[in-house]
file my_file_7.tsv (TSV, C-alpha atoms and all ligand atoms)
chain	number	residue	atom	x	y	z
A	1	MET	CA	26.84	158.44	-6.81
A	2	ARG	CA	24.26	157.61	-4.16
A	3	ALA	CA	24.75	154.58	-1.92
A	4	MET	CA	23.31	153.09	1.24
A	5	VAL	CA	26.29	152.88	3.57
A	6	PHE	CA	26.91	150.70	6.65
A	7	ASN	CA	29.01	152.50	9.26
A	8	GLY	CA	29.03	150.01	12.13
A	9	VAL	CA	27.06	147.44	14.11
A	10	GLY	CA	23.71	148.60	15.41
A	11	ARG	CA	23.43	151.53	13.03
A	12	PRO	CA	20.95	151.66	10.15
A	13	LEU	CA	22.26	152.12	6.61
A	14	ARG	CA	22.66	155.78	5.75
A	15	GLU	CA	22.15	157.31	2.32
A	16	GLU	CA	25.38	159.04	1.27
A	17	ALA	CA	26.99	160.47	-1.86
A	18	LEU	CA	30.21	158.54	-2.53
A	19	PRO	CA	32.95	159.34	-5.06
A	20	SER	CA	33.33	156.87	-7.93
A	21	ARG	CA	36.08	154.31	-7.32
A	22	GLU	CA	39.12	154.10	-9.58
A	23	LEU	CA	39.04	151.09	-11.89
A	24	GLY	CA	41.82	148.59	-11.31
A	25	ARG	CA	43.18	146.16	-13.86
A	26	GLY	CA	40.49	143.82	-15.21
A	27	GLN	CA	37.73	145.60	-13.34
A	28	VAL	CA	34.49	146.90	-14.78
A	29	ARG	CA	32.22	149.69	-13.63
A	30	LEU	CA	28.52	148.89	-13.57
A	31	GLN	CA	25.46	151.10	-13.46
A	32	VAL	CA	23.45	149.12	-10.94
A	33	GLN	CA	19.92	148.25	-12.06
A	34	ALA	CA	18.85	146.03	-9.18
A	35	CYS	CA	20.33	144.40	-6.09
A	36	ALA	CA	18.62	141.72	-4.02
A	37	VAL	CA	18.78	141.57	-0.23
A	38	CYS	CA	20.23	138.50	1.50
A	39	ARG	CA	20.16	137.09	5.04
A	40	THR	CA	23.97	137.54	5.03
A	41	ASP	CA	23.44	141.32	4.85
A	42	LEU	CA	21.61	141.06	8.18
A	43	HIS	CA	24.44	138.98	9.69
A	44	ILE	CA	26.91	141.72	8.69
A	45	LEU	CA	24.65	144.45	10.10
A	46	ASP	CA	24.33	142.55	13.37
A	47	GLY	CA	28.08	141.99	13.73
A	48	GLU	CA	27.76	138.21	13.31
A	49	LEU	CA	30.40	138.14	10.56
A	50	PRO	CA	33.82	139.41	11.68
A	51	ASP	CA	35.67	142.48	10.39
A	52	PRO	CA	33.62	143.86	7.51
A	53	LYS	CA	35.14	146.72	5.54
A	54	LEU	CA	33.93	149.99	7.05
A	55	PRO	CA	32.31	152.07	5.81
A	56	LEU	CA	30.72	149.42	3.61
A	57	VAL	CA	28.21	149.26	0.78
A	58	LEU	CA	26.32	145.97	1.23
A	59	GLY	CA	24.81	143.90	-1.57
A	60	HIS	CA	26.09	140.80	-3.34
A	61	GLN	CA	23.27	140.07	-5.77
A	62	THR	CA	23.83	142.96	-8.15
A	63	VAL	CA	22.56	143.24	-11.71
A	64	GLY	CA	24.17	146.10	-13.62
A	65	LEU	CA	25.13	147.43	-17.04
A	66	VAL	CA	28.81	147.74	-17.90
A	67	SER	CA	29.64	151.45	-18.27
A	68	GLU	CA	33.44	151.40	-18.17
A	69	ILE	CA	36.11	148.76	-18.66
A	70	GLY	CA	39.47	148.89	-16.87
A	71	LYS	CA	42.82	148.14	-18.45
A	72	GLY	CA	43.15	144.53	-19.54
A	73	GLY	CA	39.40	143.90	-19.34
A	74	SER	CA	38.03	141.94	-22.28
A	75	ARG	CA	35.14	139.72	-21.19
A	76	PHE	CA	32.35	142.23	-21.61
A	77	THR	CA	31.35	145.14	-23.82
A	78	ILE	CA	29.96	148.51	-22.81
A	79	GLY	CA	26.22	148.23	-22.12
A	80	GLU	CA	26.31	144.49	-21.46
A	81	ARG	CA	24.24	143.24	-18.52
A	82	VAL	CA	26.14	141.29	-15.87
A	83	GLY	CA	25.65	140.00	-12.33
A	84	VAL	CA	28.02	140.40	-9.39
A	85	PRO	CA	27.82	137.58	-6.84
A	86	TRP	CA	29.30	137.07	-3.35
A	87	LEU	CA	32.64	135.66	-4.56
A	88	GLY	CA	34.53	138.78	-5.61
A	89	TRP	CA	38.13	137.61	-5.93
A	90	THR	CA	40.39	134.63	-5.18
A	91	ASP	CA	44.17	134.22	-5.25
A	92	GLY	CA	44.09	131.31	-7.71
A	93	THR	CA	47.18	129.84	-6.06
A	94	CYS	CA	46.23	128.31	-2.69
A	95	ARG	CA	45.57	124.58	-2.34
A	96	PHE	CA	41.81	125.14	-2.43
A	97	CYS	CA	41.90	127.21	-5.63
A	98	ARG	CA	44.23	124.69	-7.27
A	99	SER	CA	41.81	121.84	-6.54
A	100	GLY	CA	38.63	123.42	-7.94
A	101	ARG	CA	37.47	124.69	-4.55
A	102	GLU	CA	37.90	128.42	-4.94
A	103	ASN	CA	34.85	128.88	-2.69
A	104	LEU	CA	37.19	127.91	0.16
A	105	CYS	CA	40.12	130.13	-0.95
A	106	ASP	CA	42.22	131.24	2.01
A	107	ARG	CA	42.40	134.79	0.69
A	108	ALA	CA	39.01	135.14	-1.03
A	109	VAL	CA	37.41	138.58	-1.07
A	110	PHE	CA	33.64	138.77	-0.80
A	111	THR	CA	31.37	141.37	-2.36
A	112	GLY	CA	29.37	143.59	-0.05
A	113	TYR	CA	31.56	142.49	2.87
A	114	GLN	CA	35.24	143.08	2.12
A	115	VAL	CA	34.65	145.22	-0.98
A	116	ASP	CA	31.71	147.49	-1.69
A	117	GLY	CA	28.63	145.89	-3.23
A	118	GLY	CA	25.46	146.85	-5.00
A	119	PHE	CA	23.28	148.91	-2.64
A	120	ALA	CA	24.39	151.87	-4.76
A	121	GLU	CA	23.91	153.55	-8.11
A	122	GLU	CA	27.19	152.15	-9.37
A	123	THR	CA	29.67	149.51	-8.40
A	124	VAL	CA	33.04	148.11	-9.45
A	125	ALA	CA	33.78	144.41	-9.89
A	126	ASP	CA	36.53	142.12	-11.17
A	127	GLU	CA	35.21	140.98	-14.55
A	128	ARG	CA	36.45	137.42	-14.04
A	129	TYR	CA	33.97	136.92	-11.21
A	130	CYS	CA	30.93	138.47	-12.91
A	131	LEU	CA	28.22	136.28	-14.37
A	132	ARG	CA	26.18	136.66	-17.53
A	133	ILE	CA	22.46	136.97	-16.78
A	134	PRO	CA	20.00	134.86	-18.78
A	135	GLU	CA	18.07	137.07	-21.20
A	136	SER	CA	14.63	135.83	-20.22
A	137	TYR	CA	14.90	137.48	-16.79
A	138	SER	CA	14.22	141.11	-15.94
A	139	ASP	CA	16.84	142.85	-13.80
A	140	LEU	CA	14.63	142.59	-10.71
A	141	GLN	CA	13.80	138.95	-11.25
A	142	ALA	CA	17.40	138.00	-11.98
A	143	ALA	CA	18.92	139.58	-8.87
A	144	PRO	CA	17.88	136.88	-6.34
A	145	LEU	CA	19.37	134.18	-8.58
A	146	LEU	CA	22.83	135.55	-7.71
A	147	CYS	CA	22.93	134.35	-4.09
A	148	ALA	CA	19.59	132.93	-3.00
A	149	GLY	CA	19.63	130.86	-6.18
A	150	LEU	CA	23.34	130.08	-6.33
A	151	ILE	CA	23.89	129.07	-2.73
A	152	GLY	CA	20.65	127.12	-2.83
A	153	TYR	CA	21.86	125.34	-5.95
A	154	ARG	CA	25.20	124.43	-4.37
A	155	SER	CA	23.33	123.14	-1.30
A	156	LEU	CA	21.00	121.10	-3.47
A	157	MET	CA	23.97	119.53	-5.27
A	158	MET	CA	25.29	118.42	-1.86
A	159	THR	CA	22.15	116.33	-1.33
A	160	GLY	CA	23.15	114.02	-4.20
A	161	GLU	CA	20.27	111.96	-5.53
A	162	ALA	CA	18.02	112.49	-2.51
A	163	GLU	CA	14.42	111.98	-3.58
A	164	ARG	CA	12.58	113.23	-0.50
A	165	LEU	CA	14.01	116.67	0.24
A	166	GLY	CA	13.22	118.79	3.29
A	167	LEU	CA	13.69	122.58	3.16
A	168	TYR	CA	13.89	124.28	6.56
A	169	GLY	CA	13.10	127.99	6.27
A	170	PHE	CA	11.08	128.90	3.19
A	171	GLY	CA	12.56	132.25	2.19
A	172	ALA	CA	14.30	133.58	-0.90
A	173	SER	CA	16.59	130.57	-1.37
A	174	ALA	CA	14.07	127.81	-0.68
A	175	HIS	CA	11.46	129.32	-2.99
A	176	ILE	CA	13.95	129.06	-5.87
A	177	ILE	CA	15.40	125.68	-4.95
A	178	ALA	CA	11.97	124.08	-4.47
A	179	GLN	CA	11.32	124.79	-8.14
A	180	VAL	CA	14.63	123.27	-9.23
A	181	ALA	CA	14.09	120.22	-7.01
A	182	ARG	CA	10.60	119.63	-8.43
A	183	TRP	CA	11.97	119.94	-11.96
A	184	GLN	CA	14.53	117.28	-11.04
A	185	GLN	CA	11.56	115.12	-9.96
A	186	ARG	CA	12.40	115.22	-6.29
A	187	ARG	CA	9.67	115.38	-3.65
A	188	VAL	CA	9.74	118.56	-1.57
A	189	PHE	CA	8.74	118.94	2.09
A	190	ALA	CA	8.77	122.54	3.36
A	191	PHE	CA	9.20	123.67	6.96
A	192	THR	CA	8.36	127.20	8.11
A	193	ARG	CA	8.09	129.02	11.41
A	194	ALA	CA	5.20	127.68	13.50
A	195	GLY	CA	1.93	129.30	12.46
A	196	ASP	CA	3.23	130.72	9.15
A	197	GLU	CA	0.32	129.42	7.14
A	198	GLU	CA	0.90	131.97	4.40
A	199	GLY	CA	4.47	130.65	3.98
A	200	GLN	CA	3.19	127.07	3.93
A	201	ARG	CA	0.63	127.91	1.25
A	202	PHE	CA	3.40	129.62	-0.75
A	203	ALA	CA	5.56	126.48	-0.49
A	204	ARG	CA	2.71	124.25	-1.67
A	205	SER	CA	2.06	126.62	-4.59
A	206	LEU	CA	5.66	125.99	-5.70
A	207	GLY	CA	5.28	122.23	-5.66
A	208	ALA	CA	5.95	121.18	-2.07
A	209	GLU	CA	3.79	118.11	-1.44
A	210	TRP	CA	3.76	118.81	2.28
A	211	ALA	CA	4.34	122.02	4.23
A	212	GLY	CA	4.26	122.43	7.98
A	213	SER	CA	5.98	123.88	10.99
A	214	SER	CA	9.67	123.16	11.61
A	215	THR	CA	8.72	121.61	14.94
A	216	GLU	CA	6.62	118.98	13.16
A	217	ARG	CA	7.85	115.65	11.84
A	218	PRO	CA	7.29	115.22	8.09
A	219	PRO	CA	4.74	112.56	7.10
A	220	GLU	CA	7.58	110.27	6.04
A	221	GLU	CA	11.36	110.11	6.44
A	222	LEU	CA	13.46	112.44	4.30
A	223	ASP	CA	16.52	111.49	2.27
A	224	ALA	CA	18.09	114.91	2.77
A	225	ALA	CA	17.36	118.27	4.32
A	226	ILE	CA	18.70	121.75	3.65
A	227	ILE	CA	18.57	124.25	6.52
A	228	PHE	CA	18.26	127.81	5.22
A	229	ALA	CA	17.11	129.37	8.49
A	230	PRO	CA	20.01	130.58	10.70
A	231	VAL	CA	18.69	128.56	13.63
A	232	GLY	CA	21.02	126.00	15.26
A	233	GLU	CA	18.12	124.17	16.96
A	234	LEU	CA	17.07	122.99	13.52
A	235	VAL	CA	20.18	120.81	13.17
A	236	PRO	CA	19.05	118.02	15.55
A	237	THR	CA	15.46	118.51	14.34
A	238	ALA	CA	16.47	117.94	10.73
A	239	LEU	CA	18.75	115.02	11.60
A	240	ALA	CA	15.83	113.36	13.36
A	241	SER	CA	13.77	113.64	10.16
A	242	VAL	CA	16.29	112.17	7.72
A	243	ALA	CA	16.57	108.45	7.02
A	244	LYS	CA	19.74	106.38	7.48
A	245	GLY	CA	22.41	107.51	5.04
A	246	GLY	CA	20.74	110.91	4.68
A	247	VAL	CA	22.48	114.27	4.69
A	248	VAL	CA	21.65	117.55	6.41
A	249	VAL	CA	23.13	120.60	4.69
A	250	CYS	CA	23.48	123.93	6.52
A	251	ALA	CA	23.26	126.55	3.79
A	252	GLY	CA	23.74	129.72	5.80
A	253	ILE	CA	26.95	131.60	6.54
A	254	HIS	CA	26.00	132.00	10.19
A	255	MET	CA	23.86	129.98	12.58
A	256	SER	CA	22.94	130.33	16.24
A	257	GLU	CA	24.51	127.75	18.62
A	258	ILE	CA	23.72	124.15	17.79
A	259	PRO	CA	22.41	122.40	20.92
A	260	SER	CA	24.13	119.17	21.88
A	261	PHE	CA	22.31	116.06	20.73
A	262	SER	CA	22.42	112.32	21.11
A	263	TYR	CA	24.74	110.38	18.80
A	264	ASP	CA	21.68	108.33	17.79
A	265	LEU	CA	20.65	111.23	15.56
A	266	LEU	CA	23.87	111.01	13.55
A	267	TRP	CA	24.23	107.23	13.70
A	268	GLY	CA	23.23	105.21	10.63
A	269	GLU	CA	25.68	107.08	8.39
A	270	ARG	CA	23.75	110.29	8.49
A	271	ALA	CA	25.95	113.22	7.49
A	272	LEU	CA	25.92	116.84	8.56
A	273	ARG	CA	27.73	119.46	6.50
A	274	SER	CA	27.83	123.13	5.65
A	275	VAL	CA	28.00	124.87	2.30
A	276	ALA	CA	30.36	127.82	2.04
A	277	ASN	CA	30.26	130.49	-0.67
A	278	LEU	CA	30.25	129.55	-4.34
A	279	THR	CA	32.59	128.83	-7.20
A	280	ARG	CA	32.36	130.54	-10.58
A	281	ARG	CA	31.45	127.18	-12.00
A	282	ASP	CA	28.41	126.97	-9.68
A	283	GLY	CA	27.40	130.37	-11.00
A	284	GLU	CA	27.72	129.44	-14.64
A	285	GLU	CA	25.89	126.14	-14.17
A	286	PHE	CA	23.04	127.72	-12.28
A	287	MET	CA	22.61	130.62	-14.74
A	288	GLU	CA	22.27	128.00	-17.46
A	289	LEU	CA	19.84	125.88	-15.47
A	290	ALA	CA	17.50	128.60	-14.15
A	291	PRO	CA	15.84	129.50	-17.49
A	292	LYS	CA	15.42	125.80	-18.35
A	293	VAL	CA	13.32	125.02	-15.27
A	294	PRO	CA	12.26	127.87	-15.62
A	295	VAL	CA	12.78	129.28	-12.12
A	296	ARG	CA	10.35	132.12	-11.44
A	297	THR	CA	11.42	134.42	-8.66
A	298	GLU	CA	8.82	136.01	-6.44
A	299	ILE	CA	10.07	139.45	-5.50
A	300	ARG	CA	9.06	142.45	-3.48
A	301	GLU	CA	10.43	145.69	-4.85
A	302	PHE	CA	11.97	148.47	-2.76
A	303	ARG	CA	13.73	151.70	-3.74
A	304	LEU	CA	17.43	152.15	-2.94
A	305	GLY	CA	16.56	154.55	-0.12
A	306	GLU	CA	14.28	151.89	1.38
A	307	ALA	CA	17.08	149.37	1.99
A	308	ASN	CA	16.58	149.53	5.78
A	309	GLU	CA	12.87	148.73	5.37
A	310	ALA	CA	13.69	145.81	3.08
A	311	LEU	CA	16.12	144.43	5.70
A	312	GLN	CA	13.53	144.86	8.44
A	313	HIS	CA	10.94	142.91	6.46
A	314	MET	CA	13.47	140.11	5.97
A	315	ARG	CA	14.32	140.07	9.67
A	316	ALA	CA	10.65	139.85	10.59
A	317	GLY	CA	10.09	136.98	8.13
A	318	GLU	CA	7.45	139.03	6.36
A	319	LEU	CA	8.64	138.50	2.81
A	320	ARG	CA	7.27	136.04	0.32
A	321	GLY	CA	10.28	135.24	-1.85
A	322	ALA	CA	13.03	137.86	-2.13
A	323	ALA	CA	13.40	141.59	-1.45
A	324	VAL	CA	15.02	143.48	-4.32
A	325	LEU	CA	16.16	147.09	-4.52
A	326	LYS	CA	15.21	148.67	-7.84
A	327	ILE	CA	17.99	151.13	-8.58
A	328	GLY	CA	18.47	151.79	-12.30
A	401	ZN	ZN	23.78	136.01	0.08
A	402	ZN	ZN	42.88	130.52	-3.19
call {"tool": "encode", "arguments": {"input": "my_file_7.tsv", "output": "structure tokens"}}
result
Amino acid sequence: MRAMVFNGVGRPLREEALPSRELGRGQVRLQVQACAVCRTDLHILDGELPDPKLPLVLGHQTVGLVSEIGKGGSRFTIGERVGVPWLGWTDGTCRFCRSGRENLCDRAVFTGYQVDGGFAEETVADERYCLRIPESYSDLQAAPLLCAGLIGYRSLMMTGEAERLGLYGFGASAHIIAQVARWQQRRVFAFTRAGDEEGQRFARSLGAEWAGSSTERPPEELDAAIIFAPVGELVPTALASVAKGGVVVCAGIHMSEIPSFSYDLLWGERALRSVANLTRRDGEEFMELAPKVPVRTEIREFRLGEANEALQHMRAGELRGAAVLKIG
């Protein structure tokens, strides 16, 4: 089977023919139909996440059709459409797993990082961590729900009842979460790179009542902000824009250094927190919620062999919505 393979930091993905992997107990083989591209893929490529499996097939937003079921597998039937997210396996026994926080599992294994993911014609996944895809979505439109949507959803939950919500970085995740937030009757304020008027128009078209540059102050105080951009400077900026008691959520897996800032920015019971990974429960909840909103994903399609181009467009901030590899 063909795959786009990562062989080490600084090297582009290379198209290779890989042998099919053996199916372990409870695993399923999928014929990949589509796989969305995530900012995390860039962090792995750039060596910002430690010790990836090498060689590695990236991709943790995979939509595929079950083509083979390993011993003991019983959740799915042949031909069924499923999604493979970032959380690929947990031990189920550590203190985090036992307290409903499997996203923090000490021994978790992540898809497209520690096991091969979906930038390939086929992939293998543990059936217990796969998600059913809502029927109303095409393969391409469903793919970004699996990380951009899921991590965004978990981040949104961490803002509690915040009414005035700021979104810093209006990429794949924010374009989905803005729709959910509007549906929940929150008010959305979108922040983009300075001068990205196209991005600001896009945010307004999805219900943001205000869109501007991340260096600007919003027209009124925010109750919460989610930072999707991997830019540490945005932490004090966002804190300065939230009201007393507000929360700033860092949604990314990696961020550049956070500059030091005055305690005044945190004072007034403001909170700063990160969101790490996802639980299966997040996945199930979000897959149920997305078609109700309904979330519409804006995608740009690439072929499997164009994965490097898709990553370059993401790096340059040239995408409106999400990049998705069409594979099947
Ligand atoms: Zn991701
Ligand atoms: Zn665990």
call {"tool": "closest_atom_pairs", "arguments": {"input": "my_file_7.tsv", "of": "region 88-116 of chain A", "to": "region 45-57 of chain A", "cutoff": "6 Å", "atoms": "all atoms listed in the file", "output": "JSON lines"}}
result
{"residue": "A:Gly112", "atom": "CA", "partner": "A:Val57", "partner_atom": "CA", "distance": 5.8}
{"residue": "A:Tyr113", "atom": "CA", "partner": "A:Pro52", "partner_atom": "CA", "distance": 5.3}
{"residue": "A:Gln114", "atom": "CA", "partner": "A:Lys53", "partner_atom": "CA", "distance": 5.0}
{"residue": "A:Asp116", "atom": "CA", "partner": "A:Val57", "partner_atom": "CA", "distance": 4.6}
call {"tool": "residues_around", "arguments": {"input": "my_file_7.tsv", "residues": "region 197-203 of chain A", "least_positions_apart": "2", "cutoff": "8 Å", "atoms": "all atoms listed in the file", "output": "PyMOL selection string"}}
result
chain A and resi 170+175+178+190-192+195+205-208+211-212+320
call {"tool": "residues_around", "arguments": {"input": "my_file_7.tsv", "residues": "region 235-241 of chain A", "least_positions_apart": "4", "cutoff": "12 Å", "atoms": "all atoms listed in the file", "output": "number ranges by chain"}}
result
A: 164-169, 189-191, 213-231, 245-251, 255-274
call {"tool": "residues_near_point", "arguments": {"input": "my_file_7.tsv", "point": "(13.2, 129.8, -20.2)", "cutoff": "9 Å", "atoms": "all atoms listed in the file", "output": "number ranges by chain"}}
result
A: 134-137, 290-295
call {"tool": "residues_around", "arguments": {"input": "my_file_7.tsv", "residues": "region 315-317 of chain A", "least_positions_apart": "4", "cutoff": "9 Å", "atoms": "all atoms listed in the file", "output": "PyMOL selection string"}}
result
chain A and resi 39+42+171+193+310-311
call {"tool": "residues_near_ligand", "arguments": {"input": "my_file_7.tsv", "ligand": "ligand ZN 402 (chain A)", "cutoff": "8 Å", "atoms": "all atoms listed in the file", "output": "list in words"}}
result
Thr90, Asp91, Gly92, Thr93, Cys94, Arg95, Phe96, Cys97, Arg98, Glu102, Leu104, Cys105, Asp106, Arg107 and Ala108 of chain A
call {"tool": "closest_atom_pairs", "arguments": {"input": "my_file_7.tsv", "of": "region 42-138 of chain A", "to": "region 143-158 of chain A", "cutoff": "8 Å", "atoms": "only C-alpha atoms", "output": "CSV"}}
result
residue,atom,partner,partner_atom,distance
A:His60,CA,A:Cys147,CA,7.2
A:Gln61,CA,A:Leu146,CA,4.9
A:Thr62,CA,A:Ala143,CA,6.0
A:Val63,CA,A:Ala143,CA,5.9
A:Gly83,CA,A:Leu146,CA,7.0
A:Val84,CA,A:Leu146,CA,7.3
A:Pro85,CA,A:Leu146,CA,5.5
A:Trp86,CA,A:Cys147,CA,7.0
call {"tool": "write_last_selection", "arguments": {"input": "my_file_7.tsv", "atoms": "C-alpha atoms", "output": "compact mmCIF listing (two decimals), keeping the file's coordinate frame"}}
result
# COMPACT_ATOMS: atom_id res chain seq x y z
CA HIS A 60 26.09 140.80 -3.34
CA GLN A 61 23.27 140.07 -5.77
CA THR A 62 23.83 142.96 -8.15
CA VAL A 63 22.56 143.24 -11.71
CA GLY A 83 25.65 140.00 -12.33
CA VAL A 84 28.02 140.40 -9.39
CA PRO A 85 27.82 137.58 -6.84
CA TRP A 86 29.30 137.07 -3.35
call {"tool": "closest_residue", "arguments": {"input": "my_file_7.tsv", "among": "A:Arg204, A:Arg75, A:Arg186, A:Arg296", "to": "Gly26 (chain A)", "atoms": "only C-alpha atoms"}}
result
A:Arg75
call {"tool": "residues_around", "arguments": {"input": "my_file_7.tsv", "residues": "Met4 (chain A)", "least_positions_apart": "3", "cutoff": "12 Å", "atoms": "all atoms listed in the file", "output": "VMD selection string"}}
result
chain A and resid 1 7 11 to 18 35 55 to 59 112 116 to 122 303 to 308 325 327
call {"tool": "atom_distance", "arguments": {"input": "my_file_7.tsv", "atom1": "CA of Thr111 (chain A)", "atom2": "CA of Leu234 (chain A)"}}
result
28.2 Å
call {"tool": "atom_distance", "arguments": {"input": "my_file_7.tsv", "atom1": "CA of Phe76 (chain A)", "atom2": "CA of Glu285 (chain A)"}}
result
18.9 Å
call {"tool": "closest_residue", "arguments": {"input": "my_file_7.tsv", "among": "A:Ala276, A:Val109, A:Ala142, A:Leu131", "to": "ligand ZN 401 (chain A)", "atoms": "only C-alpha atoms and all ligand atoms"}}
result
A:Ala276
call {"tool": "atom_distance", "arguments": {"input": "my_file_7.tsv", "atom1": "CA of Thr297 (chain A)", "atom2": "CA of Val180 (chain A)"}}
result
11.6 Å
call {"tool": "closest_residue", "arguments": {"input": "my_file_7.tsv", "among": "A:Cys130, A:Ile253, A:Leu30, A:Val275", "to": "Arg101 (chain A)", "atoms": "only C-alpha atoms"}}
result
A:Val275
call {"tool": "closest_residue", "arguments": {"input": "my_file_7.tsv", "among": "A:Ile133, A:Val28, A:Ile69, A:Ala172", "to": "ligand ZN 401 (chain A)", "atoms": "all atoms listed in the file"}}
result
A:Ala172
call {"tool": "closest_residue", "arguments": {"input": "my_file_7.tsv", "among": "A:Gly252, A:Gly64, A:Gly328, A:Gly283", "to": "ligand ZN 401 (chain A)", "atoms": "only C-alpha atoms and all ligand atoms"}}
result
A:Gly252
call {"tool": "closest_residue", "arguments": {"input": "my_file_7.tsv", "among": "A:Ala162, A:Ile78, A:Ala125, A:Cys38", "to": "ligand ZN 401 (chain A)", "atoms": "all atoms listed in the file"}}
result
A:Cys38
call {"tool": "decode", "arguments": {"input": "my_file_7.tsv", "residues": "region 157-163 of chain A", "atoms": "all heavy atoms", "output": "PDB file, in the first residue's frame"}}
result
ATOM      1  N   MET A 157     -15.527  23.286  26.013  1.00  0.00           N
ATOM      2  CA  MET A 157     -16.116  22.828  27.276  1.00  0.00           C
ATOM      3  C   MET A 157     -15.385  23.452  28.474  1.00  0.00           C
ATOM      4  O   MET A 157     -15.992  23.707  29.512  1.00  0.00           O
ATOM      5  CB  MET A 157     -16.010  21.299  27.406  1.00  0.00           C
ATOM      6  CG  MET A 157     -16.672  20.523  26.298  1.00  0.00           C
ATOM      7  SD  MET A 157     -18.423  20.781  26.253  1.00  0.00           S
ATOM      8  CE  MET A 157     -18.864  19.792  27.660  1.00  0.00           C
ATOM      9  N   MET A 158     -14.078  23.671  28.311  1.00  0.00           N
ATOM     10  CA  MET A 158     -13.280  24.222  29.412  1.00  0.00           C
ATOM     11  C   MET A 158     -13.569  25.701  29.657  1.00  0.00           C
ATOM     12  O   MET A 158     -13.068  26.283  30.618  1.00  0.00           O
ATOM     13  CB  MET A 158     -11.780  24.048  29.128  1.00  0.00           C
ATOM     14  CG  MET A 158     -11.327  22.617  28.975  1.00  0.00           C
ATOM     15  SD  MET A 158     -11.750  21.624  30.414  1.00  0.00           S
ATOM     16  CE  MET A 158     -11.215  20.002  29.850  1.00  0.00           C
ATOM     17  N   THR A 159     -14.345  26.330  28.768  1.00  0.00           N
ATOM     18  CA  THR A 159     -14.694  27.737  28.984  1.00  0.00           C
ATOM     19  C   THR A 159     -15.999  27.870  29.763  1.00  0.00           C
ATOM     20  O   THR A 159     -16.466  28.987  30.005  1.00  0.00           O
ATOM     21  CB  THR A 159     -14.836  28.514  27.655  1.00  0.00           C
ATOM     22  OG1 THR A 159     -16.000  28.034  26.955  1.00  0.00           O
ATOM     23  CG2 THR A 159     -13.608  28.351  26.779  1.00  0.00           C
ATOM     24  N   GLY A 160     -16.579  26.743  30.159  1.00  0.00           N
ATOM     25  CA  GLY A 160     -17.799  26.776  30.975  1.00  0.00           C
ATOM     26  C   GLY A 160     -18.931  27.493  30.265  1.00  0.00           C
ATOM     27  O   GLY A 160     -19.215  27.223  29.105  1.00  0.00           O
ATOM     28  N   GLU A 161     -19.531  28.445  30.979  1.00  0.00           N
ATOM     29  CA  GLU A 161     -20.706  29.141  30.447  1.00  0.00           C
ATOM     30  C   GLU A 161     -20.332  30.469  29.790  1.00  0.00           C
ATOM     31  O   GLU A 161     -21.213  31.306  29.577  1.00  0.00           O
ATOM     32  CB  GLU A 161     -21.694  29.417  31.582  1.00  0.00           C
ATOM     33  CG  GLU A 161     -22.182  28.174  32.311  1.00  0.00           C
ATOM     34  CD  GLU A 161     -23.101  27.338  31.431  1.00  0.00           C
ATOM     35  OE1 GLU A 161     -24.088  27.887  30.919  1.00  0.00           O
ATOM     36  OE2 GLU A 161     -22.800  26.148  31.257  1.00  0.00           O
ATOM     37  N   ALA A 162     -19.055  30.669  29.520  1.00  0.00           N
ATOM     38  CA  ALA A 162     -18.608  31.960  28.978  1.00  0.00           C
ATOM     39  C   ALA A 162     -19.498  32.418  27.823  1.00  0.00           C
ATOM     40  O   ALA A 162     -19.716  31.679  26.872  1.00  0.00           O
ATOM     41  CB  ALA A 162     -17.159  31.844  28.502  1.00  0.00           C
ATOM     42  N   GLU A 163     -19.970  33.654  27.912  1.00  0.00           N
ATOM     43  CA  GLU A 163     -20.860  34.158  26.859  1.00  0.00           C
ATOM     44  C   GLU A 163     -20.049  34.820  25.743  1.00  0.00           C
ATOM     45  O   GLU A 163     -20.282  34.577  24.573  1.00  0.00           O
ATOM     46  CB  GLU A 163     -21.848  35.160  27.460  1.00  0.00           C
ATOM     47  CG  GLU A 163     -22.901  35.595  26.454  1.00  0.00           C
ATOM     48  CD  GLU A 163     -23.559  36.912  26.831  1.00  0.00           C
ATOM     49  OE1 GLU A 163     -23.373  37.393  27.967  1.00  0.00           O
ATOM     50  OE2 GLU A 163     -24.249  37.475  25.958  1.00  0.00           O
TER      51      GLU A 163
END
